[in-house]
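work.cif follows; it contains mmCIF, C-alpha atoms.
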data_start
loop_
_atom_site.group_PDB
_atom_site.id
_atom_site.type_symbol
_atom_site.label_atom_id
_atom_site.label_comp_id
_atom_site.auth_asym_id
_atom_site.auth_seq_id
_atom_site.Cartn_x
_atom_site.Cartn_y
_atom_site.Cartn_z
ATOM 1 C CA MET O 18 36.569 -18.575 -20.465
ATOM 2 C CA THR O 19 35.170 -17.398 -23.836
ATOM 3 C CA ALA O 20 31.717 -15.856 -23.694
ATOM 4 C CA ALA O 21 28.963 -17.421 -25.797
ATOM 5 C CA PRO O 22 28.295 -15.493 -29.025
ATOM 6 C CA ILE O 23 25.342 -13.144 -29.251
ATOM 7 C CA ARG O 24 22.689 -14.962 -31.268
ATOM 8 C CA VAL O 25 21.078 -12.646 -33.826
ATOM 9 C CA LEU O 26 18.101 -13.548 -35.986
ATOM 10 C CA LEU O 27 18.476 -11.579 -39.219
ATOM 11 C CA LEU O 28 15.230 -11.159 -41.142
ATOM 12 C CA GLU O 29 16.228 -10.045 -44.639
ATOM 13 C CA ASP O 30 14.908 -11.215 -48.024
ATOM 14 C CA ASN O 31 17.689 -9.541 -50.030
ATOM 15 C CA PRO O 32 20.656 -11.977 -50.082
ATOM 16 C CA GLY O 33 23.143 -9.193 -50.828
ATOM 17 C CA ASP O 34 22.015 -7.097 -47.830
ATOM 18 C CA ALA O 35 22.042 -10.193 -45.621
ATOM 19 C CA ARG O 36 25.623 -11.048 -46.612
ATOM 20 C CA LEU O 37 26.669 -7.421 -46.035
ATOM 21 C CA VAL O 38 25.310 -7.453 -42.464
ATOM 22 C CA GLN O 39 26.983 -10.774 -41.701
ATOM 23 C CA ALA O 40 30.305 -9.601 -43.144
ATOM 24 C CA THR O 41 30.122 -6.316 -41.237
ATOM 25 C CA LEU O 42 29.569 -8.047 -37.916
ATOM 26 C CA ALA O 43 32.263 -10.634 -38.605
ATOM 27 C CA GLU O 44 34.749 -7.890 -39.446
ATOM 28 C CA GLN O 45 33.980 -5.477 -36.638
ATOM 29 C CA ALA O 46 33.322 -8.032 -33.865
ATOM 30 C CA PRO O 47 34.952 -11.340 -34.819
ATOM 31 C CA GLY O 48 33.323 -14.252 -33.005
ATOM 32 C CA GLU O 49 30.994 -12.005 -30.985
ATOM 33 C CA PHE O 50 27.846 -12.557 -33.070
ATOM 34 C CA ALA O 51 26.257 -15.718 -34.465
ATOM 35 C CA VAL O 52 23.804 -14.741 -37.214
ATOM 36 C CA THR O 53 20.877 -16.853 -38.412
ATOM 37 C CA THR O 54 19.201 -15.524 -41.568
ATOM 38 C CA VAL O 55 15.591 -16.037 -42.697
ATOM 39 C CA GLU O 56 13.687 -14.341 -45.522
ATOM 40 C CA ARG O 57 10.070 -14.497 -44.389
ATOM 41 C CA LEU O 58 8.285 -13.219 -41.270
ATOM 42 C CA ALA O 59 6.489 -16.535 -40.765
ATOM 43 C CA ASP O 60 9.818 -18.391 -40.715
ATOM 44 C CA ALA O 61 11.263 -15.870 -38.246
ATOM 45 C CA LEU O 62 8.338 -16.261 -35.837
ATOM 46 C CA ALA O 63 8.611 -20.050 -36.059
ATOM 47 C CA ARG O 64 12.349 -19.949 -35.273
ATOM 48 C CA ILE O 65 11.764 -17.571 -32.357
ATOM 49 C CA ARG O 66 9.316 -20.035 -30.794
ATOM 50 C CA THR O 67 11.757 -22.957 -30.953
ATOM 51 C CA GLU O 68 15.224 -21.411 -30.658
ATOM 52 C CA ARG O 69 16.954 -18.951 -28.349
ATOM 53 C CA PHE O 70 18.042 -15.611 -29.774
ATOM 54 C CA ASP O 71 19.449 -12.523 -28.109
ATOM 55 C CA ALA O 72 18.226 -9.975 -30.676
ATOM 56 C CA VAL O 73 16.298 -9.613 -33.934
ATOM 57 C CA LEU O 74 17.580 -7.456 -36.809
ATOM 58 C CA SER O 75 14.817 -7.092 -39.350
ATOM 59 C CA ASP O 76 14.050 -5.427 -42.630
ATOM 60 C CA LEU O 77 10.482 -4.126 -42.684
ATOM 61 C CA GLY O 78 9.743 -4.999 -46.326
ATOM 62 C CA LEU O 79 9.354 -8.787 -46.635
ATOM 63 C CA PRO O 80 7.570 -11.155 -49.027
ATOM 64 C CA ASP O 81 4.852 -11.902 -46.467
ATOM 65 C CA SER O 82 4.765 -8.610 -44.521
ATOM 66 C CA THR O 83 5.552 -4.942 -45.095
ATOM 67 C CA GLY O 84 6.095 -1.794 -43.084
ATOM 68 C CA LEU O 85 5.084 -1.447 -39.477
ATOM 69 C CA ARG O 86 3.089 -4.680 -39.566
ATOM 70 C CA THR O 87 6.424 -6.492 -39.576
ATOM 71 C CA ALA O 88 7.629 -4.695 -36.452
ATOM 72 C CA GLN O 89 4.270 -5.208 -34.745
ATOM 73 C CA ALA O 90 4.311 -8.934 -35.459
ATOM 74 C CA ILE O 91 7.831 -9.404 -34.112
ATOM 75 C CA VAL O 92 7.184 -7.362 -30.964
ATOM 76 C CA ALA O 93 3.968 -9.282 -30.339
ATOM 77 C CA GLY O 94 5.550 -12.660 -31.067
ATOM 78 C CA ALA O 95 8.727 -12.057 -29.053
ATOM 79 C CA PRO O 96 8.123 -9.221 -26.549
ATOM 80 C CA ALA O 97 11.282 -10.080 -24.590
ATOM 81 C CA LEU O 98 13.584 -9.920 -27.626
ATOM 82 C CA PRO O 99 15.197 -6.595 -28.550
ATOM 83 C CA LEU O 100 14.286 -5.602 -32.107
ATOM 84 C CA VAL O 101 16.398 -3.395 -34.376
ATOM 85 C CA VAL O 102 14.769 -2.563 -37.720
ATOM 86 C CA LEU O 103 16.422 -1.852 -41.058
ATOM 87 C CA THR O 104 14.994 0.955 -43.191
ATOM 88 C CA GLY O 105 15.853 2.689 -46.447
ATOM 89 C CA SER O 106 17.351 6.159 -46.452
ATOM 90 C CA HIS O 107 13.983 7.653 -47.349
ATOM 91 C CA ASN O 108 12.129 5.735 -44.616
ATOM 92 C CA GLU O 109 13.646 6.994 -41.361
ATOM 93 C CA ASP O 110 10.190 8.066 -40.218
ATOM 94 C CA LEU O 111 9.225 4.410 -40.491
ATOM 95 C CA GLY O 112 12.124 3.467 -38.201
ATOM 96 C CA ARG O 113 11.085 6.055 -35.617
ATOM 97 C CA ALA O 114 7.502 4.797 -35.792
ATOM 98 C CA ALA O 115 8.746 1.239 -35.219
ATOM 99 C CA ILE O 116 10.492 2.391 -32.026
ATOM 100 C CA LYS O 117 7.167 3.729 -30.762
ATOM 101 C CA LEU O 118 5.702 0.273 -31.377
ATOM 102 C CA GLY O 119 8.361 -1.447 -29.269
ATOM 103 C CA ALA O 120 11.529 -1.687 -31.386
ATOM 104 C CA GLN O 121 14.727 -0.699 -29.575
ATOM 105 C CA ASP O 122 16.402 1.118 -32.480
ATOM 106 C CA TYR O 123 16.686 1.371 -36.272
ATOM 107 C CA LEU O 124 19.521 1.354 -38.838
ATOM 108 C CA VAL O 125 19.482 2.976 -42.288
ATOM 109 C CA LYS O 126 20.658 0.675 -45.051
ATOM 110 C CA GLY O 127 23.666 1.975 -46.968
ATOM 111 C CA GLU O 128 24.301 4.837 -44.541
ATOM 112 C CA THR O 129 25.383 2.944 -41.461
ATOM 113 C CA ARG O 130 29.058 2.681 -40.754
ATOM 114 C CA ALA O 131 30.326 -0.790 -39.960
ATOM 115 C CA PRO O 132 31.018 -0.280 -36.203
ATOM 116 C CA THR O 133 27.542 1.132 -35.717
ATOM 117 C CA VAL O 134 25.790 -2.171 -36.450
ATOM 118 C CA ALA O 135 27.545 -4.083 -33.674
ATOM 119 C CA ARG O 136 27.203 -1.198 -31.209
ATOM 120 C CA THR O 137 23.511 -0.751 -31.986
ATOM 121 C CA LEU O 138 22.830 -4.432 -31.366
ATOM 122 C CA ARG O 139 24.750 -4.392 -28.085
ATOM 123 C CA TYR O 140 22.904 -1.289 -26.878
ATOM 124 C CA ALA O 141 19.554 -2.712 -27.953
ATOM 125 C CA ILE O 142 20.180 -5.889 -25.963
ATOM 126 C CA GLU O 143 21.251 -3.922 -22.880
ATOM 127 C CA ARG O 144 18.290 -1.523 -23.093
ATOM 128 C CA LYS O 145 15.867 -4.419 -23.419
ATOM 129 C CA ARG O 146 17.445 -6.156 -20.435
ATOM 130 C CA LEU O 147 17.075 -3.017 -18.329
ATOM 131 C CA GLU O 148 13.527 -2.517 -19.601
ATOM 132 C CA ILE O 149 12.574 -6.042 -18.535
ATOM 133 C CA GLU O 150 14.270 -5.647 -15.149
ATOM 134 C CA LEU O 151 12.446 -2.380 -14.531
ATOM 135 C CA HIS O 152 9.164 -3.969 -15.561
ATOM 136 C CA LEU O 153 9.721 -6.917 -13.212
ATOM 137 C CA ALA O 154 10.745 -4.580 -10.401
ATOM 138 C CA LYS O 155 7.614 -2.508 -10.989
ATOM 139 C CA GLU O 156 5.453 -5.630 -10.950
ATOM 140 C CA ALA O 157 7.116 -6.821 -7.743
ATOM 141 C CA LEU O 158 6.583 -3.412 -6.152
ATOM 142 C CA GLU O 159 2.946 -3.318 -7.249
ATOM 143 C CA HIS O 160 2.496 -6.833 -5.871
ATOM 144 C CA ARG O 161 3.990 -5.825 -2.529
ATOM 145 C CA VAL O 162 1.846 -2.690 -2.471
ATOM 146 C CA ALA O 163 -1.244 -4.779 -3.269
ATOM 147 C CA GLU O 164 -0.342 -7.258 -0.523
ATOM 148 C CA ARG O 165 0.292 -4.449 1.953
ATOM 149 C CA THR O 166 -2.959 -2.755 0.952
ATOM 150 C CA ALA O 167 -4.832 -6.024 1.429
ATOM 151 C CA ASP O 168 -3.197 -6.486 4.845
ATOM 152 C CA LEU O 169 -4.111 -2.937 5.850
ATOM 153 C CA GLU O 170 -7.679 -3.370 4.639
ATOM 154 C CA ALA O 171 -7.955 -6.632 6.598
ATOM 155 C CA ALA O 172 -6.497 -4.935 9.675
ATOM 156 C CA MET O 173 -8.893 -2.001 9.295
ATOM 157 C CA LYS O 174 -11.806 -4.402 8.895
ATOM 158 C CA GLU O 175 -10.736 -6.259 12.027
ATOM 159 C CA LEU O 176 -10.274 -2.967 13.859
ATOM 160 C CA ARG O 177 -13.720 -1.768 12.806
ATOM 161 C CA ALA O 178 -15.189 -5.068 13.946
ATOM 162 C CA SER O 179 -13.383 -4.712 17.294
ATOM 163 C CA GLU O 180 -14.572 -1.125 17.618
ATOM 164 C CA ASP O 181 -18.139 -2.170 16.832
ATOM 165 C CA LEU O 182 -17.918 -4.956 19.430
ATOM 166 C CA TYR O 183 -16.450 -2.573 22.005
ATOM 167 C CA ARG O 184 -19.138 0.006 21.237
ATOM 168 C CA ASP O 185 -21.856 -2.609 21.681
ATOM 169 C CA LEU O 186 -20.358 -3.760 24.981
ATOM 170 C CA VAL O 187 -20.095 -0.188 26.242
ATOM 171 C CA GLU O 188 -23.601 0.791 25.190
ATOM 172 C CA ASN O 189 -25.208 -2.374 26.584
ATOM 173 C CA SER O 190 -23.252 -2.409 29.829
ATOM 174 C CA GLN O 191 -25.224 -2.063 33.057
ATOM 175 C CA ASP O 192 -22.292 -0.161 34.551
ATOM 176 C CA LEU O 193 -21.475 3.464 33.907
ATOM 177 C CA ILE O 194 -18.658 3.856 31.390
ATOM 178 C CA CYS O 195 -17.305 7.284 30.518
ATOM 179 C CA THR O 196 -14.204 9.214 29.556
ATOM 180 C CA HIS O 197 -13.068 12.584 30.843
ATOM 181 C CA ASP O 198 -10.029 14.822 30.484
ATOM 182 C CA LEU O 199 -7.516 15.656 33.202
ATOM 183 C CA GLU O 200 -9.716 18.490 34.412
ATOM 184 C CA GLY O 201 -12.706 16.207 34.824
ATOM 185 C CA LYS O 202 -14.729 17.382 31.800
ATOM 186 C CA LEU O 203 -16.863 14.539 30.480
ATOM 187 C CA LEU O 204 -16.008 13.525 26.909
ATOM 188 C CA SER O 205 -18.195 10.465 26.393
ATOM 189 C CA VAL O 206 -20.830 8.545 28.324
ATOM 190 C CA ASN O 207 -22.763 5.343 27.708
ATOM 191 C CA ALA O 208 -26.482 4.660 28.080
ATOM 192 C CA ALA O 209 -26.018 3.460 31.663
ATOM 193 C CA ALA O 210 -24.652 6.880 32.621
ATOM 194 C CA VAL O 211 -27.869 8.486 31.418
ATOM 195 C CA ARG O 212 -29.940 5.956 33.355
ATOM 196 C CA LEU O 213 -27.908 6.185 36.567
ATOM 197 C CA THR O 214 -27.658 9.997 36.692
ATOM 198 C CA GLY O 215 -31.006 10.943 35.206
ATOM 199 C CA TYR O 216 -29.344 13.532 32.952
ATOM 200 C CA PRO O 217 -29.686 13.327 29.158
ATOM 201 C CA GLN O 218 -26.493 12.602 27.235
ATOM 202 C CA GLU O 219 -26.291 16.130 25.816
ATOM 203 C CA ALA O 220 -26.377 17.605 29.320
ATOM 204 C CA LEU O 221 -23.764 15.187 30.657
ATOM 205 C CA LEU O 222 -21.341 16.105 27.873
ATOM 206 C CA ARG O 223 -21.532 19.738 28.997
ATOM 207 C CA MET O 224 -20.712 18.815 32.589
ATOM 208 C CA ASN O 225 -17.642 18.134 34.680
ATOM 209 C CA MET O 226 -17.416 15.030 36.828
ATOM 210 C CA ALA O 227 -17.415 17.327 39.852
ATOM 211 C CA ASP O 228 -20.901 18.556 38.868
ATOM 212 C CA LEU O 229 -22.264 15.085 39.632
ATOM 213 C CA LEU O 230 -20.867 14.951 43.153
ATOM 214 C CA THR O 231 -22.757 15.934 46.269
ATOM 215 C CA ARG O 232 -21.651 19.214 47.779
ATOM 216 C CA GLY O 233 -19.719 17.481 50.546
ATOM 217 C CA ALA O 234 -17.891 15.181 48.122
ATOM 218 C CA ARG O 235 -16.594 17.918 45.833
ATOM 219 C CA ASP O 236 -13.793 18.856 48.238
ATOM 220 C CA GLY O 237 -12.035 15.564 47.468
ATOM 221 C CA PHE O 238 -12.272 15.865 43.677
ATOM 222 C CA ALA O 239 -8.949 17.703 43.315
ATOM 223 C CA GLU O 240 -7.278 14.861 45.202
ATOM 224 C CA TYR O 241 -8.852 12.358 42.801
ATOM 225 C CA LEU O 242 -7.524 14.258 39.759
ATOM 226 C CA ASN O 243 -4.055 14.459 41.301
ATOM 227 C CA GLU O 244 -4.043 10.710 41.880
ATOM 228 C CA ILE O 245 -4.984 10.105 38.240
ATOM 229 C CA ARG O 246 -2.188 12.409 37.032
ATOM 230 C CA THR O 247 0.516 10.961 39.278
ATOM 231 C CA LYS O 248 -0.403 7.285 39.444
ATOM 232 C CA GLY O 249 -2.335 6.826 36.189
ATOM 233 C CA ALA O 250 -5.241 5.169 38.021
ATOM 234 C CA ALA O 251 -7.648 5.736 40.887
ATOM 235 C CA ARG O 252 -10.150 3.543 42.705
ATOM 236 C CA GLY O 253 -12.693 4.392 45.386
ATOM 237 C CA LEU O 254 -16.194 5.630 46.122
ATOM 238 C CA LEU O 255 -18.042 8.624 44.729
ATOM 239 C CA HIS O 256 -21.052 10.177 46.404
ATOM 240 C CA ILE O 257 -23.122 11.575 43.572
ATOM 241 C CA GLN O 258 -26.398 13.436 43.260
ATOM 242 C CA THR O 259 -28.776 12.508 40.424
ATOM 243 C CA ALA O 260 -30.826 14.913 38.362
ATOM 244 C CA ASP O 261 -33.878 14.375 40.593
ATOM 245 C CA GLY O 262 -31.906 15.144 43.793
ATOM 246 C CA ASP O 263 -31.376 11.565 44.933
ATOM 247 C CA THR O 264 -27.930 10.693 46.277
ATOM 248 C CA ARG O 265 -26.178 7.488 45.267
ATOM 249 C CA TRP O 266 -22.865 5.744 45.895
ATOM 250 C CA TRP O 267 -20.697 4.669 43.020
ATOM 251 C CA GLN O 268 -17.657 2.439 43.224
ATOM 252 C CA TYR O 269 -15.250 3.535 40.497
ATOM 253 C CA ASN O 270 -12.102 2.185 38.866
ATOM 254 C CA ASN O 271 -10.598 4.780 36.517
ATOM 255 C CA THR O 272 -7.408 4.641 34.450
ATOM 256 C CA LEU O 273 -5.370 7.045 32.342
ATOM 257 C CA ARG O 274 -5.432 5.696 28.791
ATOM 258 C CA THR O 275 -2.813 7.782 26.933
ATOM 259 C CA GLN O 276 0.700 9.069 27.632
ATOM 260 C CA ASP O 277 0.374 12.348 25.750
ATOM 261 C CA ALA O 278 -0.428 14.922 28.400
ATOM 262 C CA ALA O 279 -1.936 17.237 25.792
ATOM 263 C CA ALA O 280 -4.533 14.647 24.848
ATOM 264 C CA SER O 281 -4.754 12.389 27.902
ATOM 265 C CA VAL O 282 -8.056 10.647 28.436
ATOM 266 C CA VAL O 283 -9.294 9.003 31.606
ATOM 267 C CA ARG O 284 -11.507 6.003 31.093
ATOM 268 C CA GLY O 285 -13.943 5.531 33.929
ATOM 269 C CA LEU O 286 -15.939 2.502 35.040
ATOM 270 C CA ALA O 287 -18.421 2.853 37.904
ATOM 271 C CA GLN O 288 -21.054 0.657 39.561
ATOM 272 C CA ASP O 289 -23.980 1.860 41.608
ATOM 273 C CA ILE O 290 -23.478 0.129 44.985
ATOM 274 C CA THR O 291 -25.945 2.237 46.969
ATOM 275 C CA GLU O 292 -28.136 -0.659 48.090
ATOM 276 C CA ARG O 293 -25.115 -2.815 48.896
ATOM 277 C CA LYS O 294 -23.570 0.012 50.962
ATOM 278 C CA LYS O 295 -26.813 0.620 52.821
ATOM 279 C CA ALA O 296 -27.035 -3.082 53.662
ATOM 280 C CA ALA O 297 -23.409 -3.141 54.837
ATOM 281 C CA ASP O 298 -23.926 -0.022 56.948
ATOM 282 C CA ALA O 299 -27.070 -1.525 58.486
ATOM 283 C CA LEU O 300 -25.208 -4.752 59.233
ATOM 284 C CA ARG O 301 -22.396 -2.841 60.968
ATOM 285 C CA GLU O 302 -24.939 -0.939 63.086
#

Represent the structure of the file as structure tokens.
Amino acid sequence: MTAAPIRVLLLEDNPGDARLVQATLAEQAPGEFAVTTVERLADALARIRTERFDAVLSDLGLPDSTGLRTAQAIVAGAPALPLVVLTGSHNEDLGRAAIKLGAQDYLVKGETRAPTVARTLRYAIERKRLEIELHLAKEALEHRVAERTADLEAAMKELRASEDLYRDLVENSQDLICTHDLEGKLLSVNAAAVRLTGYPQEALLRMNMADLLTRGARDGFAEYLNEIRTKGAARGLLHIQTADGDTRWWQYNNTLRTQDAAASVVRGLAQDITERKKAADALRE
């Protein structure tokens, strides 16, 4: 199956130069290029809007445009089309400047060997194709990054909202809620802990759970810690002594919240059941 010819829009107001380009391409690459010639920039831009071309080969000095303005107009009017500019032998700086404006390459009139024209056009088309693919890939990546960032921001917002809700529930709970490490040192306490123990928060955070127990209850604290370490949870009663010397009974339900032994945290939940226990004891008597 024969490939479709490469469609080239040649923008050249000198008929002799135009015929030379066409003859060169026909000789060096027979049937590979189909050349359409126009003499004015306005005509070229009109043809680009209505017809499909694979590349533009343009002189920079035209009846209706000169110099870099020609290259700028073509790049702006057809950003997806590869542009190769034609310059005079004394204007190579102009060709290099055109590349900085978006042209793919330049050819010097009268100094370019015949095979170079076809090769330059092929390379320009391939470079432009790769440039567009890279641009699209970059856009797709930026879009995915933006989507992922938006998802992460939404997740963080939801997490912060959940944390705020949890914090409110903890602080407003009537039950004691705390965390401590595997040695029993208190790491955090809620407002109910302050109310139930009579100690200020700063003092509690310098204490060990064992410091809150009555003297007789401290002997069983090592057993409680061992149960937390081995089973990951512990439930039972604590006999504690408040800051003013009163003794109270707490029913606790504590769980180990992490699996990293170096940073394990025990989350504790306790209710003051002193009055309930007294009533039960009185009923049994």

**OP:** Compile the contact shell of Ile257 in chain O as a count of residues only: residues with an atom at most 8 Å away, counting all atoms listed in the file, same-chain residues fewer than 4 positions apart removed.
**Re:** 8

Distance table requested - range 134-178 of chain O against range 38-45 of chain O, cut-off 10 Å, all atoms listed in the file: one row per qualifying residue with the closest atom pair and its distance in Å to one decimal, ordered by chain and rising residue number, as a Markdown table.
| residue | atom | partner | partner_atom | distance |
| --- | --- | --- | --- | --- |
| O:Val134 | CA | O:Leu42 | CA | 7.1 |
| O:Ala135 | CA | O:Leu42 | CA | 6.1 |
| O:Arg136 | CA | O:Gln45 | CA | 9.7 |

**OP:** Write out as a list in words the residues lying within 12 Å of Phe238 in chain O, counting all atoms listed in the file and excluding same-chain residues fewer than 6 positions away.
**Re:** Leu199, Glu200, Gly201, Asn225, Met226, Ala227, Asp228, Leu229, Leu230, Thr231, Arg232, Glu244, Ile245, Ala251, Gly253, Leu254, Leu255, His256 and Ile257 of chain O

Might I get the box with edges along x, y and z of the file that holds all atoms of range 242-258 of chain O listed there, padded by 5 Å on every side, given as centre and edge lengths in Å to one decimal, as JSON?
{"center_x": -12.9, "center_y": 9.0, "center_z": 41.3, "size_x": 36.9, "size_y": 20.9, "size_z": 20.2}

**OP:** Enumerate, as a ChimeraX atom specification, the residues matched when the PyMOL selection byres ((chain O and resi 35) around 12) is run on the file above.
**Re:** /O:26-34,36-42,52-56,74-76,103,126

Original post:
What is the distance, in Å and to one decimal place, between CA of Thr87 in chain O and CA of Arg64 in chain O?
Top reply: 15.3 Å
